[in-house]
Each structure stands twice: as structure tokens, then as C-alpha cells.
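Everything below belongs to upload06.cif, which stores mmCIF, C-alpha atoms.
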data_my_file
#
loop_
_atom_site.group_PDB
_atom_site.id
_atom_site.type_symbol
_atom_site.label_atom_id
_atom_site.label_comp_id
_atom_site.auth_asym_id
_atom_site.auth_seq_id
_atom_site.Cartn_x
_atom_site.Cartn_y
_atom_site.Cartn_z
ATOM 1 C CA MET A 1 51.014 -44.397 -0.237
ATOM 2 C CA ASP A 2 49.200 -42.975 -3.271
ATOM 3 C CA ILE A 3 46.099 -45.029 -2.469
ATOM 4 C CA ILE A 4 45.922 -43.581 1.068
ATOM 5 C CA MET A 5 46.310 -40.060 -0.335
ATOM 6 C CA ASP A 6 43.545 -40.701 -2.908
ATOM 7 C CA ILE A 7 41.213 -42.060 -0.204
ATOM 8 C CA THR A 8 41.914 -39.042 2.023
ATOM 9 C CA VAL A 9 41.152 -36.632 -0.837
ATOM 10 C CA CYS A 10 37.920 -38.502 -1.648
ATOM 11 C CA ILE A 11 36.810 -38.381 1.993
ATOM 12 C CA ALA A 12 37.585 -34.655 2.192
ATOM 13 C CA LEU A 13 35.606 -33.980 -1.004
ATOM 14 C CA LEU A 14 32.711 -36.084 0.271
ATOM 15 C CA LEU A 15 32.633 -34.157 3.564
ATOM 16 C CA ALA A 16 32.752 -30.833 1.717
ATOM 17 C CA ALA A 17 29.868 -31.926 -0.525
ATOM 18 C CA MET A 18 27.831 -33.003 2.513
ATOM 19 C CA ILE A 19 28.416 -29.617 4.189
ATOM 20 C CA VAL A 20 27.335 -27.750 1.034
ATOM 21 C CA ILE A 21 24.205 -29.900 0.707
ATOM 22 C CA GLY A 22 23.389 -29.275 4.383
ATOM 23 C CA ILE A 23 23.754 -25.509 3.991
ATOM 24 C CA VAL A 24 21.556 -25.478 0.866
ATOM 25 C CA TYR A 25 18.937 -27.570 2.694
ATOM 26 C CA LEU A 26 18.918 -25.128 5.646
ATOM 27 C CA ILE A 27 18.489 -22.161 3.296
ATOM 28 C CA ILE A 28 15.576 -23.838 1.482
ATOM 29 C CA VAL A 29 13.869 -24.802 4.755
ATOM 30 C CA THR A 30 14.299 -21.259 6.123
ATOM 31 C CA ILE A 31 12.801 -19.712 2.991
ATOM 32 C CA TYR A 32 9.922 -22.237 2.972
ATOM 33 C CA ARG A 33 9.073 -21.514 6.596
ATOM 34 C CA LYS A 34 8.909 -17.778 5.934
ATOM 35 C CA THR A 35 6.564 -17.970 2.939
ATOM 36 C CA LEU A 36 3.000 -16.954 3.559
ATOM 37 C CA ARG A 37 -0.183 -18.050 1.840
ATOM 38 C CA TYR A 38 -2.310 -15.019 0.968
ATOM 39 C CA GLU A 39 -6.072 -14.806 0.695
ATOM 40 C CA THR A 40 -7.621 -11.798 -1.056
ATOM 41 C CA PHE A 41 -11.237 -10.692 -0.715
ATOM 42 C CA PRO A 42 -13.260 -7.465 -1.125
ATOM 43 C CA SER A 43 -14.507 -5.583 1.922
ATOM 44 C CA THR A 44 -15.265 -2.075 3.180
ATOM 45 C CA ALA A 45 -13.314 0.216 5.506
ATOM 46 C CA ILE A 46 -13.857 3.638 7.077
ATOM 47 C CA VAL A 47 -11.719 6.714 6.343
ATOM 48 C CA CYS A 48 -10.573 7.844 9.810
ATOM 49 C CA ALA A 49 -8.086 10.620 8.975
ATOM 50 C CA LYS A 50 -6.779 12.797 6.141
ATOM 51 C CA LYS A 51 -3.659 14.926 6.226
ATOM 52 C CA HIS A 52 -2.071 17.124 3.564
ATOM 53 C CA LYS A 53 1.552 18.197 3.833
ATOM 54 C CA LYS A 54 2.849 20.756 1.328
ATOM 55 C CA ALA A 55 6.149 20.247 -0.459
ATOM 56 C CA TYR A 56 9.162 21.798 1.236
ATOM 57 C CA THR A 57 12.939 21.960 1.060
ATOM 58 C CA THR A 58 15.453 21.504 3.873
ATOM 59 C CA THR A 59 19.106 22.437 3.912
ATOM 60 C CA ARG A 60 21.920 20.599 5.645
ATOM 61 C CA MET A 61 25.523 21.734 5.822
ATOM 62 C CA VAL A 62 28.023 19.097 4.612
ATOM 63 C CA ARG A 63 31.790 19.268 5.138
ATOM 64 C CA PHE A 64 34.258 18.323 2.410
ATOM 65 C CA GLY A 65 37.676 18.652 4.026
ATOM 66 C CA ARG A 66 37.965 22.310 5.022
ATOM 67 C CA ILE A 67 35.006 23.418 2.938
ATOM 68 C CA THR A 68 31.395 23.429 4.189
ATOM 69 C CA VAL A 69 28.685 23.518 1.524
ATOM 70 C CA PRO A 70 24.885 23.526 1.805
ATOM 71 C CA GLN A 71 23.076 20.359 0.650
ATOM 72 C CA MET A 72 19.437 20.890 -0.358
ATOM 73 C CA TYR A 73 16.825 18.148 0.129
ATOM 74 C CA TYR A 74 13.409 18.291 -1.549
ATOM 75 C CA HIS A 75 10.459 16.660 0.244
ATOM 76 C CA ALA A 76 7.502 15.973 -2.053
ATOM 77 C CA GLU A 77 3.906 16.863 -1.288
ATOM 78 C CA GLU A 78 2.077 14.242 0.790
ATOM 79 C CA TYR A 79 -1.616 13.334 0.689
ATOM 80 C CA SER A 80 -2.011 10.934 3.603
ATOM 81 C CA VAL A 81 -5.281 8.999 3.975
ATOM 82 C CA CYS A 82 -5.784 6.657 6.942
ATOM 83 C CA ILE A 83 -8.333 3.871 6.642
ATOM 84 C CA LYS A 84 -9.566 1.780 9.571
ATOM 85 C CA TYR A 85 -10.285 -1.900 8.938
ATOM 86 C CA ASP A 86 -10.883 -4.533 11.608
ATOM 87 C CA GLY A 87 -9.696 -2.171 14.364
ATOM 88 C CA LYS A 88 -6.357 -1.458 12.638
ATOM 89 C CA GLU A 89 -5.298 1.712 10.849
ATOM 90 C CA PHE A 90 -3.693 1.602 7.392
ATOM 91 C CA CYS A 91 -2.254 4.843 5.987
ATOM 92 C CA ARG A 92 -1.203 5.537 2.420
ATOM 93 C CA ASP A 93 -0.029 8.484 0.343
ATOM 94 C CA ASP A 94 -2.570 8.774 -2.486
ATOM 95 C CA GLU A 95 -3.591 12.150 -3.953
ATOM 96 C CA LYS A 96 -6.510 10.771 -5.981
ATOM 97 C CA LEU A 97 -7.986 8.992 -2.939
ATOM 98 C CA TYR A 98 -7.390 12.076 -0.755
ATOM 99 C CA LYS A 99 -9.397 14.293 -3.106
ATOM 100 C CA SER A 100 -12.259 11.815 -3.529
ATOM 101 C CA VAL A 101 -13.094 10.938 0.114
ATOM 102 C CA GLU A 102 -13.908 12.660 3.398
ATOM 103 C CA VAL A 103 -13.354 11.497 6.984
ATOM 104 C CA GLY A 104 -16.115 9.052 7.937
ATOM 105 C CA ASP A 105 -16.698 7.822 4.368
ATOM 106 C CA GLU A 106 -16.943 4.113 3.700
ATOM 107 C CA VAL A 107 -14.606 2.879 0.947
ATOM 108 C CA ARG A 108 -14.291 -0.436 -0.869
ATOM 109 C CA VAL A 109 -10.948 -2.166 -0.381
ATOM 110 C CA LEU A 110 -9.253 -5.443 -1.227
ATOM 111 C CA VAL A 111 -8.000 -7.169 1.918
ATOM 112 C CA HIS A 112 -4.883 -9.346 1.606
ATOM 113 C CA LYS A 113 -4.304 -11.672 4.566
ATOM 114 C CA GLY A 114 -1.111 -13.732 4.819
ATOM 115 C CA TYR A 115 -1.140 -17.007 6.777
ATOM 116 C CA ASN A 116 1.818 -19.191 7.729
ATOM 117 C CA LYS A 117 1.844 -22.981 7.349
ATOM 118 C CA HIS A 118 -0.022 -23.336 10.677
ATOM 119 C CA ASN A 119 -2.868 -21.099 9.383
ATOM 120 C CA LYS A 120 -1.904 -18.313 11.795
ATOM 121 C CA LEU A 121 -2.484 -14.761 10.494
ATOM 122 C CA LYS A 122 0.929 -13.107 10.081
ATOM 123 C CA HIS A 123 0.428 -10.169 7.698
ATOM 124 C CA ILE A 124 -2.421 -8.009 6.447
ATOM 125 C CA TYR A 125 -2.555 -5.141 3.980
ATOM 126 C CA LEU A 126 -5.198 -3.268 2.003
ATOM 127 C CA SER A 127 -5.282 -2.202 -1.638
#
This entry written out as C-alpha cells:
Amino acid sequence: MDIIMDITVCIALLLAAMIVIGIVYLIIVTIYRKTLRYETFPSTAIVCAKKHKKAYTTTRMVRFGRITVPQMYYHAEEYSVCIKYDGKEFCRDDEKLYKSVEVGDEVRVLVHKGYNKHNKLKHIYLS
């Protein structure tokens, strides 16, 4: 009877190990499929918009039981610059860039293009 019990325990442990290995394999395959290969190269883009938003504060009333108190939120100053590259617009908050360019200027950028394992373009960003 002890031998049958030992065999049953061994089979159960083996099945549990196989399930764990299968789950780990699925996680690794999922992560591998989602990784992108990036290519980086210099290029030029056109400044298509600039927008400055001054700092401001908003207030929201928050209830704590029977008491309502004001909660203040500070919103920092924004210096938004939109750059057009390859027909797409990329916006960023950069005070130094905002002060150094005008709409219509040509700027040098680094283009980062991410490709999946089938060499299909999946992601692009500028720096």
C-alpha cells in the first residue's frame, strides 16, 4: 500500500512540475514576442506648433465623514512643442526647446524605430 501511495505522490509532483514549466515557458514566449528591435538614426523634422500654458492651481472639495475640506492641486507650467516627422506629430514638454525654436523651423532629431520579429514597424519616437 505504501508503494502505491509513493507512486501517486511522485506522479502528482511530476504533473505539478510540468504545469509550472509550461507556465514559465508561456511567460517567456509572451515576453519574447513583445520585444522590439530598435534602430536609431539622425534626421530632421519641422516644428509645427508651440503652446505655452502658465502654471495654475485648482481646488477640489473632499469629504472626510461629515467634514468637507478644500484640496489644492498645483499644475506646473507647460512648454509644449510639436514636431512633425514622416507625417506624424510628436509633442513634448521642453522649455529649452520652446525658447530656442519657432514654428516652421527645421530641427535635428534622433529617430528611434521599433520593429517586431517580422520586421514590421510597431513603435516610433523622437529624441
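Rounded to one decimal, CA of Val103 in chain A and CA of Lys50 in chain A lie 6.8 Å from each other.
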Contacts of range 100-102 of chain A within 9 Å, all atoms listed in the file, excl. fewer than 2 positions in-chain, as a ChimeraX atom specification: /A:47-50,81,95-98,104-107
Shell of 9 Å around range 69-80 of chain A, all atoms listed in the file, local chain residues under 3 positions omitted, as an MDAnalysis selection string: chainID A and resid 49:64 91:99
Report, as AutoDock Vina command-line options, the axis-aligned box around all atoms of range 89-97 of chain A present in the file, extended by 5 Å on each side; give centre and edge lengths in Å to one decimal place.
--center_x -4.0 --center_y 6.9 --center_z 2.4 --size_x 18.0 --size_y 20.5 --size_z 26.8
Of the listed residues A:His123, A:Arg66, A:Lys88, A:His118, that which approaches Tyr38 in chain A most closely, counting all atoms listed in the file: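 When distances to Tyr38 in chain A are compared using all atoms listed in the file, the smallest one comes from A:His123.
Atom to atom, CA of Lys113 in chain A and CA of Ile27 in chain A stand 25.1 Å apart.
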d(CA of Ile124 in chain A, CA of Val111 in chain A) in Å: 7.2 Å
Would you mind completing range 93-110 of chain A to N, CA and C atoms and writing the output as an mmCIF file, in the frame of the given file?
data_model
loop_
_atom_site.group_PDB
_atom_site.id
_atom_site.type_symbol
_atom_site.label_atom_id
_atom_site.label_comp_id
_atom_site.auth_asym_id
_atom_site.auth_seq_id
_atom_site.Cartn_x
_atom_site.Cartn_y
_atom_site.Cartn_z
ATOM 1 N N ASP A 93 -0.191 7.189 0.996
ATOM 2 C CA ASP A 93 -0.029 8.484 0.343
ATOM 3 C C ASP A 93 -0.642 8.371 -1.055
ATOM 4 N N ASP A 94 -1.856 8.908 -1.220
ATOM 5 C CA ASP A 94 -2.570 8.774 -2.486
ATOM 6 C C ASP A 94 -3.387 10.043 -2.734
ATOM 7 N N GLU A 95 -2.935 10.863 -3.681
ATOM 8 C CA GLU A 95 -3.591 12.150 -3.953
ATOM 9 C C GLU A 95 -5.008 11.951 -4.489
ATOM 10 N N LYS A 96 -5.186 11.001 -5.390
ATOM 11 C CA LYS A 96 -6.510 10.771 -5.981
ATOM 12 C C LYS A 96 -7.518 10.345 -4.905
ATOM 13 N N LEU A 97 -7.117 9.433 -4.026
ATOM 14 C CA LEU A 97 -7.986 8.992 -2.939
ATOM 15 C C LEU A 97 -8.263 10.144 -1.973
ATOM 16 N N TYR A 98 -7.245 10.934 -1.672
ATOM 17 C CA TYR A 98 -7.390 12.076 -0.755
ATOM 18 C C TYR A 98 -8.465 13.043 -1.249
ATOM 19 N N LYS A 99 -8.448 13.325 -2.549
ATOM 20 C CA LYS A 99 -9.397 14.293 -3.106
ATOM 21 C C LYS A 99 -10.802 13.730 -3.283
ATOM 22 N N SER A 100 -10.949 12.398 -3.255
ATOM 23 C CA SER A 100 -12.259 11.815 -3.529
ATOM 24 C C SER A 100 -13.027 11.375 -2.281
ATOM 25 N N VAL A 101 -12.396 11.390 -1.100
ATOM 26 C CA VAL A 101 -13.094 10.938 0.114
ATOM 27 C C VAL A 101 -13.024 11.986 1.212
ATOM 28 N N GLU A 102 -13.898 11.822 2.200
ATOM 29 C CA GLU A 102 -13.908 12.660 3.398
ATOM 30 C C GLU A 102 -13.826 11.737 4.615
ATOM 31 N N VAL A 103 -13.423 12.283 5.750
ATOM 32 C CA VAL A 103 -13.354 11.497 6.984
ATOM 33 C C VAL A 103 -14.738 10.972 7.326
ATOM 34 N N GLY A 104 -14.836 9.697 7.625
ATOM 35 C CA GLY A 104 -16.115 9.052 7.937
ATOM 36 C C GLY A 104 -16.712 8.310 6.759
ATOM 37 N N ASP A 105 -16.191 8.531 5.551
ATOM 38 C CA ASP A 105 -16.698 7.822 4.368
ATOM 39 C C ASP A 105 -16.345 6.340 4.434
ATOM 40 N N GLU A 106 -17.200 5.542 3.818
ATOM 41 C CA GLU A 106 -16.943 4.113 3.700
ATOM 42 C C GLU A 106 -16.373 3.857 2.310
ATOM 43 N N VAL A 107 -15.246 3.151 2.239
ATOM 44 C CA VAL A 107 -14.606 2.879 0.947
ATOM 45 C C VAL A 107 -14.458 1.375 0.747
ATOM 46 N N ARG A 108 -14.500 0.982 -0.523
ATOM 47 C CA ARG A 108 -14.291 -0.436 -0.869
ATOM 48 C C ARG A 108 -12.800 -0.706 -0.966
ATOM 49 N N VAL A 109 -12.362 -1.798 -0.371
ATOM 50 C CA VAL A 109 -10.948 -2.166 -0.381
ATOM 51 C C VAL A 109 -10.804 -3.656 -0.692
ATOM 52 N N LEU A 110 -9.609 -4.030 -1.115
ATOM 53 C CA LEU A 110 -9.253 -5.443 -1.227
ATOM 54 C C LEU A 110 -8.375 -5.765 -0.028
#
